[in-house]
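Coordinates as given in work33.csv (CSV, C-alpha atoms (C1' of nucleotides)):
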```csv
chain,number,residue,atom,x,y,z
A,1,MET,CA,-103.4,45.1,-136.3
A,2,ILE,CA,-99.7,45.4,-136.9
A,3,MET,CA,-97.8,43.3,-134.4
A,4,GLN,CA,-94.1,42.8,-134.4
A,5,THR,CA,-95.1,39.5,-132.9
A,6,ARG,CA,-95.7,39.2,-129.3
A,7,GLU,CA,-92.9,36.6,-129.1
A,8,GLU,CA,-90.3,39.1,-130.3
A,9,ARG,CA,-91.5,41.7,-127.8
A,10,HIS,CA,-91.2,39.2,-125.0
A,11,ARG,CA,-87.7,38.3,-126.0
A,12,LYS,CA,-86.8,42.0,-126.1
A,13,ILE,CA,-88.3,42.6,-122.7
A,14,LEU,CA,-86.2,39.9,-121.1
A,15,GLU,CA,-83.1,41.3,-122.8
A,16,LEU,CA,-83.9,44.8,-121.7
A,17,VAL,CA,-84.5,44.1,-118.1
A,18,ALA,CA,-81.4,42.0,-117.9
A,19,ASP,CA,-79.3,44.7,-119.6
A,20,GLN,CA,-80.5,48.0,-118.2
A,21,TYR,CA,-82.1,49.5,-115.2
A,22,ILE,CA,-85.8,49.4,-115.9
A,23,GLY,CA,-87.6,50.9,-112.9
A,24,THR,CA,-91.1,51.3,-114.2
A,25,GLN,CA,-93.3,50.0,-116.9
A,26,THR,CA,-93.1,53.3,-118.5
A,27,ASP,CA,-89.4,53.1,-118.6
A,28,LEU,CA,-89.8,49.8,-120.3
A,29,GLU,CA,-92.2,51.3,-122.8
A,30,ILE,CA,-89.7,53.9,-123.7
A,31,ALA,CA,-86.8,51.4,-124.0
A,32,LEU,CA,-88.9,49.3,-126.2
A,33,ARG,CA,-89.8,52.2,-128.4
A,34,LYS,CA,-86.1,52.7,-129.0
A,35,GLU,CA,-86.0,49.2,-130.3
A,36,GLY,CA,-88.9,49.9,-132.6
A,37,VAL,CA,-91.6,48.3,-130.5
A,38,ARG,CA,-94.5,50.4,-129.6
A,39,VAL,CA,-97.0,49.2,-127.0
A,40,THR,CA,-98.7,50.8,-124.1
A,41,GLN,CA,-98.2,50.3,-120.4
A,42,ALA,CA,-101.3,48.1,-120.1
A,43,THR,CA,-99.8,45.6,-122.5
A,44,LEU,CA,-96.5,45.6,-120.6
A,45,SER,CA,-98.3,45.0,-117.4
A,46,ARG,CA,-99.7,41.8,-119.0
A,47,ASP,CA,-96.3,40.9,-120.5
A,48,ILE,CA,-94.6,41.3,-117.2
A,49,ARG,CA,-97.1,39.0,-115.5
A,50,GLU,CA,-96.7,36.4,-118.3
A,51,LEU,CA,-93.0,36.5,-118.2
A,52,GLY,CA,-93.0,36.2,-114.4
A,53,LEU,CA,-90.9,39.3,-113.9
A,54,VAL,CA,-90.8,41.0,-110.6
A,55,LYS,CA,-90.1,44.5,-109.3
A,56,ILE,CA,-87.6,44.5,-106.6
A,57,ALA,CA,-85.7,47.0,-104.4
A,58,SER,CA,-82.2,47.3,-105.7
A,59,GLY,CA,-79.8,49.9,-104.3
A,60,GLY,CA,-82.6,51.9,-102.8
A,61,ARG,CA,-84.5,52.0,-106.0
A,62,TYR,CA,-86.8,49.6,-107.7
A,63,ARG,CA,-86.2,47.7,-110.9
A,64,TYR,CA,-87.7,44.9,-112.8
A,65,ALA,CA,-85.9,41.6,-113.0
A,66,SER,CA,-86.4,38.1,-113.9
A,67,GLN,CA,-87.0,36.0,-110.8
A,68,LYS,CA,-83.9,34.5,-109.5
A,69,ILE,CA,-85.5,31.4,-108.5
A,70,ILE,CA,-88.9,30.1,-109.1
A,71,ASP,CA,-89.8,26.6,-108.7
A,72,SER,CA,-92.5,24.3,-109.4
A,73,SER,CA,-93.3,20.8,-108.5
A,74,THR,CA,-95.5,18.4,-110.2
A,75,THR,CA,-98.0,18.9,-107.6
A,76,THR,CA,-98.6,22.5,-108.6
A,77,LYS,CA,-102.1,22.9,-109.8
A,78,HIS,CA,-102.3,26.4,-110.9
A,79,SER,CA,-103.7,27.0,-114.4
A,80,MET,CA,-102.9,29.5,-117.0
A,81,HIS,CA,-99.3,28.8,-117.9
A,82,ALA,CA,-97.6,29.2,-121.2
A,83,SER,CA,-97.6,26.2,-123.3
A,84,LEU,CA,-94.4,24.4,-124.2
A,85,ALA,CA,-94.8,25.4,-127.8
A,86,SER,CA,-94.9,29.1,-126.8
A,87,VAL,CA,-91.7,28.9,-124.8
A,88,LYS,CA,-89.8,26.8,-127.3
A,89,ARG,CA,-88.1,29.8,-128.6
A,90,PHE,CA,-86.3,30.4,-125.3
A,91,VAL,CA,-84.8,26.9,-125.1
A,92,ARG,CA,-81.2,26.6,-126.1
A,93,LYS,CA,-80.1,23.2,-124.9
A,94,ILE,CA,-81.4,20.2,-123.1
A,95,ASP,CA,-79.1,17.6,-121.5
A,96,TRP,CA,-79.0,15.2,-118.6
A,97,SER,CA,-76.8,13.5,-116.1
A,98,GLY,CA,-77.7,10.9,-113.6
A,99,THR,CA,-81.3,11.6,-112.7
A,100,THR,CA,-81.1,15.3,-113.4
A,101,VAL,CA,-82.2,17.0,-116.6
A,102,VAL,CA,-80.6,20.4,-117.3
A,103,ILE,CA,-82.2,22.9,-119.6
A,104,ILE,CA,-80.4,26.0,-120.7
A,105,THR,CA,-82.5,28.9,-121.9
A,106,ASP,CA,-82.1,32.4,-123.0
A,107,SER,CA,-81.1,34.7,-120.2
A,108,GLY,CA,-83.9,35.4,-117.9
A,109,ALA,CA,-86.3,32.9,-119.5
A,110,ALA,CA,-85.7,29.9,-117.3
A,111,ALA,CA,-88.6,30.7,-114.9
A,112,HIS,CA,-91.0,31.1,-117.7
A,113,VAL,CA,-89.9,27.9,-119.4
A,114,ALA,CA,-90.0,26.0,-116.2
A,115,GLU,CA,-93.6,26.9,-115.7
A,116,ALA,CA,-94.5,25.6,-119.1
A,117,ILE,CA,-92.8,22.3,-118.3
A,118,ASP,CA,-94.4,22.1,-114.9
A,119,VAL,CA,-97.8,22.3,-116.4
A,120,LEU,CA,-97.1,19.0,-118.2
A,121,GLU,CA,-97.1,17.3,-114.9
A,122,LEU,CA,-94.7,14.6,-116.1
A,123,ALA,CA,-95.0,11.7,-113.9
A,124,GLU,CA,-91.2,11.0,-113.9
A,125,VAL,CA,-90.4,14.5,-112.6
A,126,LEU,CA,-90.0,14.9,-108.9
A,127,GLY,CA,-89.4,18.6,-108.9
A,128,THR,CA,-88.1,21.6,-110.8
A,129,VAL,CA,-86.0,24.5,-110.0
A,130,ALA,CA,-85.2,27.4,-112.3
A,131,GLY,CA,-82.6,30.1,-112.0
A,132,ASP,CA,-82.0,32.8,-114.5
A,133,ASN,CA,-81.1,30.7,-117.5
A,134,THR,CA,-80.9,27.2,-116.2
A,135,ILE,CA,-83.5,24.7,-115.1
A,136,PHE,CA,-83.0,21.5,-113.1
A,137,LEU,CA,-85.5,18.7,-113.3
A,138,VAL,CA,-85.0,15.9,-110.9
A,139,ILE,CA,-86.3,12.6,-112.3
A,140,GLN,CA,-87.5,9.6,-110.3
A,141,ARG,CA,-84.7,7.4,-109.4
A,142,ASP,CA,-85.6,4.4,-111.5
A,143,MET,CA,-86.6,6.4,-114.5
A,144,SER,CA,-84.5,7.4,-117.4
A,145,ALA,CA,-83.5,11.1,-117.6
A,146,LYS,CA,-82.6,10.4,-121.1
A,147,LYS,CA,-86.1,9.4,-122.0
A,148,VAL,CA,-87.4,12.6,-120.4
A,149,VAL,CA,-85.0,14.6,-122.5
A,150,LYS,CA,-86.3,12.8,-125.7
A,151,HIS,CA,-89.8,13.5,-124.7
A,152,LEU,CA,-89.2,17.1,-124.1
A,153,GLU,CA,-87.4,17.4,-127.4
A,154,SER,CA,-90.3,15.9,-129.2
A,155,LEU,CA,-92.7,18.2,-127.5
A,156,LEU,CA,-90.5,21.1,-128.5
A,157,GLY,CA,-90.7,20.1,-132.1
B,1,MET,CA,-95.1,54.5,-80.3
B,2,ILE,CA,-96.7,51.1,-79.8
B,3,MET,CA,-94.5,48.6,-81.4
B,4,GLN,CA,-93.4,45.1,-80.8
B,5,THR,CA,-90.2,46.0,-82.5
B,6,ARG,CA,-89.9,46.5,-86.1
B,7,GLU,CA,-87.8,43.4,-86.3
B,8,GLU,CA,-90.5,41.2,-84.9
B,9,ARG,CA,-92.9,42.7,-87.4
B,10,HIS,CA,-90.5,41.8,-90.2
B,11,ARG,CA,-90.3,38.3,-89.0
B,12,LYS,CA,-94.0,38.0,-88.9
B,13,ILE,CA,-94.3,39.3,-92.4
B,14,LEU,CA,-91.9,36.7,-93.7
B,15,GLU,CA,-93.9,34.0,-92.0
B,16,LEU,CA,-97.1,35.3,-93.3
B,17,VAL,CA,-96.1,35.6,-96.9
B,18,ALA,CA,-94.5,32.1,-96.8
B,19,ASP,CA,-97.6,30.7,-95.1
B,20,GLN,CA,-100.5,32.2,-96.8
B,21,TYR,CA,-101.6,33.8,-100.0
B,22,ILE,CA,-100.9,37.6,-99.6
B,23,GLY,CA,-101.9,39.4,-102.7
B,24,THR,CA,-101.8,43.0,-101.7
B,25,GLN,CA,-100.3,45.1,-99.0
B,26,THR,CA,-103.7,45.6,-97.6
B,27,ASP,CA,-104.1,41.8,-97.3
B,28,LEU,CA,-100.9,41.8,-95.3
B,29,GLU,CA,-102.1,44.6,-93.1
B,30,ILE,CA,-105.1,42.6,-92.3
B,31,ALA,CA,-103.2,39.5,-91.7
B,32,LEU,CA,-100.9,41.3,-89.3
B,33,ARG,CA,-103.7,42.8,-87.4
B,34,LYS,CA,-104.9,39.3,-86.7
B,35,GLU,CA,-101.5,38.7,-85.2
B,36,GLY,CA,-101.8,41.8,-83.0
B,37,VAL,CA,-99.7,44.0,-85.2
B,38,ARG,CA,-101.2,47.2,-86.4
B,39,VAL,CA,-99.5,49.3,-89.0
B,40,THR,CA,-100.6,51.1,-92.2
B,41,GLN,CA,-100.0,50.2,-95.8
B,42,ALA,CA,-97.4,52.9,-96.1
B,43,THR,CA,-95.3,51.2,-93.5
B,44,LEU,CA,-95.7,47.8,-95.2
B,45,SER,CA,-94.6,49.3,-98.5
B,46,ARG,CA,-91.4,50.2,-96.7
B,47,ASP,CA,-91.1,46.9,-95.0
B,48,ILE,CA,-91.5,45.0,-98.2
B,49,ARG,CA,-88.8,47.0,-99.8
B,50,GLU,CA,-86.4,46.4,-96.9
B,51,LEU,CA,-87.2,42.7,-96.8
B,52,GLY,CA,-86.7,42.4,-100.5
B,53,LEU,CA,-90.1,40.9,-101.1
B,54,VAL,CA,-91.5,40.8,-104.6
B,55,LYS,CA,-95.0,40.6,-106.0
B,56,ILE,CA,-95.3,38.0,-108.6
B,57,ALA,CA,-97.8,36.3,-110.8
B,58,SER,CA,-98.6,32.9,-109.4
B,59,GLY,CA,-101.4,30.9,-110.9
B,60,GLY,CA,-102.9,33.9,-112.7
B,61,ARG,CA,-103.0,35.9,-109.5
B,62,TYR,CA,-100.4,38.0,-107.7
B,63,ARG,CA,-98.8,37.2,-104.4
B,64,TYR,CA,-95.9,38.5,-102.4
B,65,ALA,CA,-93.0,36.2,-101.9
B,66,SER,CA,-89.4,36.3,-100.8
B,67,GLN,CA,-87.1,36.8,-103.6
B,68,LYS,CA,-84.2,35.5,-101.7
B,69,ILE,CA,-83.2,32.0,-102.3
B,70,ILE,CA,-81.9,30.1,-99.3
B,71,ASP,CA,-78.8,28.7,-100.7
B,72,SER,CA,-77.5,27.6,-97.4
B,73,SER,CA,-74.5,25.4,-97.5
B,74,THR,CA,-74.4,25.6,-93.7
B,75,THR,CA,-73.8,29.3,-94.3
B,76,THR,CA,-76.7,30.0,-92.0
B,77,LYS,CA,-76.7,33.7,-91.3
B,78,HIS,CA,-80.3,34.1,-90.4
B,79,SER,CA,-80.8,34.2,-86.7
B,80,MET,CA,-84.3,33.0,-86.1
B,81,HIS,CA,-85.2,29.5,-87.1
B,82,ALA,CA,-88.2,27.5,-86.9
B,83,SER,CA,-87.8,24.0,-85.6
B,84,LEU,CA,-88.5,21.1,-87.8
B,85,ALA,CA,-91.5,20.2,-85.8
B,86,SER,CA,-93.0,23.6,-86.3
B,87,VAL,CA,-92.7,23.4,-90.1
B,88,LYS,CA,-93.9,19.9,-90.4
B,89,ARG,CA,-97.3,21.0,-91.4
B,90,PHE,CA,-95.9,22.6,-94.5
B,91,VAL,CA,-94.3,19.5,-95.9
B,92,ARG,CA,-96.3,17.7,-98.5
B,93,LYS,CA,-93.8,15.2,-99.8
B,94,ILE,CA,-90.3,14.0,-99.5
B,95,ASP,CA,-88.5,11.9,-102.1
B,96,TRP,CA,-85.1,11.4,-103.5
B,97,SER,CA,-83.2,10.5,-106.7
B,98,GLY,CA,-79.5,10.0,-107.1
B,99,THR,CA,-77.9,12.3,-104.6
B,100,THR,CA,-80.7,14.8,-104.5
B,101,VAL,CA,-83.5,14.9,-102.0
B,102,VAL,CA,-86.6,16.8,-103.2
B,103,ILE,CA,-89.0,18.2,-100.7
B,104,ILE,CA,-92.3,19.6,-101.8
B,105,THR,CA,-94.0,22.1,-99.4
B,106,ASP,CA,-97.1,24.2,-99.4
B,107,SER,CA,-96.8,27.1,-101.7
B,108,GLY,CA,-94.5,29.8,-100.3
B,109,ALA,CA,-93.2,27.7,-97.4
B,110,ALA,CA,-90.1,26.2,-99.0
B,111,ALA,CA,-87.7,28.8,-97.6
B,112,HIS,CA,-88.9,28.3,-94.1
B,113,VAL,CA,-88.8,24.6,-94.2
B,114,ALA,CA,-85.3,24.8,-95.7
B,115,GLU,CA,-84.1,27.0,-92.9
B,116,ALA,CA,-85.4,24.5,-90.4
B,117,ILE,CA,-83.6,21.7,-92.1
B,118,ASP,CA,-80.5,23.8,-92.4
B,119,VAL,CA,-80.2,24.3,-88.8
B,120,LEU,CA,-79.8,20.6,-88.4
B,121,GLU,CA,-76.5,20.8,-90.2
B,122,LEU,CA,-76.7,17.3,-91.4
B,123,ALA,CA,-73.2,16.2,-92.4
B,124,GLU,CA,-74.4,14.4,-95.5
B,125,VAL,CA,-75.9,17.5,-97.0
B,126,LEU,CA,-73.7,19.6,-99.3
B,127,GLY,CA,-76.2,22.3,-99.8
B,128,THR,CA,-79.8,23.4,-100.1
B,129,VAL,CA,-81.8,25.4,-102.5
B,130,ALA,CA,-85.3,26.5,-101.9
B,131,GLY,CA,-87.7,28.2,-104.2
B,132,ASP,CA,-91.3,28.8,-103.5
B,133,ASN,CA,-92.6,25.3,-102.8
B,134,THR,CA,-89.6,23.1,-103.7
B,135,ILE,CA,-86.4,22.3,-101.9
B,136,PHE,CA,-83.4,20.5,-103.2
B,137,LEU,CA,-80.9,19.0,-100.9
B,138,VAL,CA,-77.7,17.9,-102.5
B,139,ILE,CA,-76.1,15.0,-100.7
B,140,GLN,CA,-72.5,14.0,-100.7
B,141,ARG,CA,-71.7,11.7,-103.5
B,142,ASP,CA,-71.1,8.6,-101.6
B,143,MET,CA,-73.9,9.1,-99.2
B,144,SER,CA,-77.3,7.7,-99.3
B,145,ALA,CA,-80.0,10.1,-100.1
B,146,LYS,CA,-82.5,7.5,-99.1
B,147,LYS,CA,-81.0,7.5,-95.6
B,148,VAL,CA,-81.4,11.3,-95.4
B,149,VAL,CA,-85.0,11.0,-96.4
B,150,LYS,CA,-85.6,8.4,-93.7
B,151,HIS,CA,-83.9,10.6,-91.2
B,152,LEU,CA,-86.0,13.6,-92.2
B,153,GLU,CA,-89.1,11.6,-92.1
B,154,SER,CA,-88.4,10.4,-88.6
B,155,LEU,CA,-87.7,13.9,-87.4
B,156,LEU,CA,-91.0,15.1,-88.9
B,157,GLY,CA,-92.8,12.4,-87.0
C,1,DC,C1',-79.2,67.6,-68.3
C,2,DG,C1',-80.9,70.2,-72.8
C,3,DG,C1',-80.2,70.2,-77.5
C,4,DT,C1',-79.5,67.7,-81.8
C,5,DT,C1',-79.9,64.0,-84.8
C,6,DT,C1',-81.7,59.7,-86.3
C,7,DT,C1',-85.4,56.6,-87.0
C,8,DG,C1',-90.0,55.0,-87.6
C,9,DT,C1',-94.6,56.0,-88.5
C,10,DG,C1',-99.2,57.8,-90.2
C,11,DC,C1',-101.6,60.7,-93.3
C,12,DA,C1',-102.4,62.4,-97.5
C,13,DT,C1',-101.4,62.1,-102.1
C,14,DA,C1',-98.5,61.2,-106.1
C,15,DA,C1',-96.9,57.6,-108.9
C,16,DT,C1',-97.4,53.3,-110.7
C,17,DT,C1',-99.7,49.1,-112.0
C,18,DA,C1',-103.7,46.1,-113.0
C,19,DT,C1',-108.1,45.5,-115.1
C,20,DT,C1',-112.4,46.5,-117.5
C,21,DC,C1',-114.4,47.4,-121.6
C,22,DA,C1',-114.6,47.7,-126.5
C,23,DG,C1',-112.9,46.7,-130.8
C,24,DG,C1',-109.7,44.9,-134.5
C,25,DG,C1',-107.5,41.2,-136.7
C,26,DA,C1',-106.6,36.3,-137.5
C,27,DA,C1',-108.1,31.7,-137.6
C,28,DT,C1',-111.8,28.4,-138.0
C,29,DA,C1',-116.1,26.9,-139.0
C,30,DT,C1',-120.7,27.1,-141.6
D,1,DA,C1',-118.0,34.6,-148.3
D,2,DT,C1',-120.1,35.3,-143.7
D,3,DA,C1',-120.3,34.2,-139.3
D,4,DT,C1',-118.2,32.7,-135.0
D,5,DT,C1',-114.6,32.5,-131.9
D,6,DC,C1',-110.4,33.5,-129.9
D,7,DC,C1',-106.5,36.4,-129.0
D,8,DC,C1',-104.3,40.7,-128.6
D,9,DT,C1',-104.4,45.5,-127.7
D,10,DG,C1',-105.3,50.5,-126.4
D,11,DA,C1',-107.9,53.8,-123.7
D,12,DA,C1',-109.8,54.8,-119.6
D,13,DT,C1',-109.9,53.9,-115.0
D,14,DA,C1',-109.7,51.3,-110.8
D,15,DA,C1',-106.6,49.4,-107.6
D,16,DT,C1',-102.5,49.3,-105.5
D,17,DT,C1',-98.0,51.0,-104.1
D,18,DA,C1',-94.5,54.6,-103.1
D,19,DT,C1',-93.3,58.9,-101.0
D,20,DG,C1',-93.2,63.9,-99.2
D,21,DC,C1',-94.2,65.9,-95.1
D,22,DA,C1',-94.9,66.3,-90.2
D,23,DC,C1',-94.2,64.7,-85.9
D,24,DA,C1',-93.0,61.7,-82.0
D,25,DA,C1',-90.0,58.7,-79.8
D,26,DA,C1',-85.5,57.0,-79.2
D,27,DA,C1',-80.5,57.6,-79.6
D,28,DC,C1',-76.6,60.4,-79.4
D,29,DC,C1',-73.7,64.2,-77.7
D,30,DG,C1',-71.9,68.5,-75.7
```
Exercise: express the given structure as structure tokens:
Amino acid sequence: MIMQTREERHRKILELVADQYIGTQTDLEIALRKEGVRVTQATLSRDIRELGLVKIASGGRYRYASQKIIDSSTTTKHSMHASLASVKRFVRKIDWSGTTVVIITDSGAAAHVAEAIDVLELAEVLGTVAGDNTIFLVIQRDMSAKKVVKHLESLLG
Amino acid sequence: MIMQTREERHRKILELVADQYIGTQTDLEIALRKEGVRVTQATLSRDIRELGLVKIASGGRYRYASQKIIDSSTTTKHSMHASLASVKRFVRKIDWSGTTVVIITDSGAAAHVAEAIDVLELAEVLGTVAGDNTIFLVIQRDMSAKKVVKHLESLLG
DNA sequence: CGGTTTTGTGCATAATTATTCAGGGAATAT
DNA sequence: ATATTCCCTGAATAATTATGCACAAAACCG
């Protein structure tokens, strides 16, 4: 089975929905085909779920978009999230200030990455909020945000 | 035409999706019926579009959620607010770190709880961000987040 | 007032999306 | 190598959502 790698496809999907008006999964299928990626609607339905994209009314029409905000707390129990290793490719930068860790990701990928971090259930992390390409982790007050950064960096390889 | 006003229905829809796990429009139809509101799926499809709700993967399943983030910085434009007492049951945990207060709520309830807090117009609070189950309150830099936590806790009983 | 427009809704159905099932390929174990 | 397992995918289809149409109620207007 010839696969352009699923990773690459996911990246392209995030780019495409950020860039152009993708109203249906078939639209996305066509847009991807122009990029040299050929998959069926069924696969895109799965991709969209995994990337956490949403279809939303925009100007009277519908379009796919990356969630503006998703959040997660360390109390979240839901299973079936992407692993950190699998989202590593989206992470551009990690830094911290005070008790907040800031993670910069590729555009549109923050929600996805945040979920992967959330699943780690790091004890030092009080909560997480992700926007489009930025994630905030708030760290427990007597803990070292720097240490959390180190830890995340090691997990990311 | 029997209706308790469209507006009231919209309000109930927001409550329901924040409160419980609504996976399909038919789920919503049923939930509304229990509240004494009877409409068809077609109408709910229209309502959902107008309210800007989105269907998103959450824990391997789908659910409807509000896409809007409540980014209140006392810019409260919503008219109907729940009182703190009435949202108390959604609050799971309150903690703080640095100048940020983190509130964890039941899944989907963060926006509602945030609104209730917002209405208080606490002077120390610079702004609020709410996702699905996490709220961040950013406190003025020389103020005590701890004190705000205490205050909230006392208000919550 | 009577006529016109606007709005909101259900019904039926089209359009879209999610999932089941089967199979292929890669990785791992025997 | 062969078998086993796991992951990914397409095809077909089930499930869900969006919408064209018709109509009734409300709002607007002369």
Do you have, as a tab-separated table, the list of residues of chain B lying at most 10 Å from chain D, each with its nearest atom pair and that distance in Å to one decimal, counting only C-alpha atoms (C1' of nucleotides) and ordered by chain then number?
```
residue	atom	partner	partner_atom	distance
B:Met1	CA	D:DA25	C1'	6.6
B:Thr24	CA	D:DT16	C1'	7.4
B:Gln25	CA	D:DT16	C1'	8.0
B:Thr26	CA	D:DT16	C1'	8.8
B:Gln41	CA	D:DT17	C1'	8.6
B:Ala42	CA	D:DA18	C1'	7.8
B:Leu44	CA	D:DT17	C1'	9.7
B:Ser45	CA	D:DT17	C1'	6.8
B:Arg46	CA	D:DA18	C1'	8.4
```
Each chain C residue no farther than 10 Å from chain B, nearest pair in Å, all atoms listed in the file, as CSV:
```
residue,atom,partner,partner_atom,distance
C:DG8,C1',B:Arg6,CA,8.6
C:DT9,C1',B:Thr43,CA,7.0
C:DG10,C1',B:Thr40,CA,7.1
C:DC11,C1',B:Ala42,CA,9.3
```
Sorted by chain and rising residue number, list the residues of chain B at most 7 Å from chain A (counting all atoms listed in the file), each with its closest atom pair and distance in Å to one decimal, as JSON lines.
```
{"residue": "B:Arg49", "atom": "CA", "partner": "A:Ala57", "partner_atom": "CA", "distance": 5.5}
{"residue": "B:Gly52", "atom": "CA", "partner": "A:Ala57", "partner_atom": "CA", "distance": 6.1}
{"residue": "B:Val54", "atom": "CA", "partner": "A:Ile56", "partner_atom": "CA", "distance": 5.7}
{"residue": "B:Lys55", "atom": "CA", "partner": "A:Val54", "partner_atom": "CA", "distance": 6.2}
{"residue": "B:Ile56", "atom": "CA", "partner": "A:Val54", "partner_atom": "CA", "distance": 5.8}
{"residue": "B:Ala57", "atom": "CA", "partner": "A:Arg49", "partner_atom": "CA", "distance": 5.5}
{"residue": "B:Gly59", "atom": "CA", "partner": "A:His78", "partner_atom": "CA", "distance": 4.6}
{"residue": "B:Gly60", "atom": "CA", "partner": "A:Met80", "partner_atom": "CA", "distance": 6.2}
{"residue": "B:Ile69", "atom": "CA", "partner": "A:Ile69", "partner_atom": "CA", "distance": 6.6}
{"residue": "B:Ser97", "atom": "CA", "partner": "A:Arg141", "partner_atom": "CA", "distance": 4.4}
{"residue": "B:Gly98", "atom": "CA", "partner": "A:Thr99", "partner_atom": "CA", "distance": 6.1}
{"residue": "B:Val102", "atom": "CA", "partner": "A:Gly127", "partner_atom": "CA", "distance": 6.6}
{"residue": "B:Ile104", "atom": "CA", "partner": "A:Ser73", "partner_atom": "CA", "distance": 6.9}
{"residue": "B:Gly131", "atom": "CA", "partner": "A:Asp71", "partner_atom": "CA", "distance": 5.2}
{"residue": "B:Asp132", "atom": "CA", "partner": "A:Asp71", "partner_atom": "CA", "distance": 5.8}
{"residue": "B:Asn133", "atom": "CA", "partner": "A:Asp71", "partner_atom": "CA", "distance": 6.7}
{"residue": "B:Thr134", "atom": "CA", "partner": "A:Asp71", "partner_atom": "CA", "distance": 6.1}
```
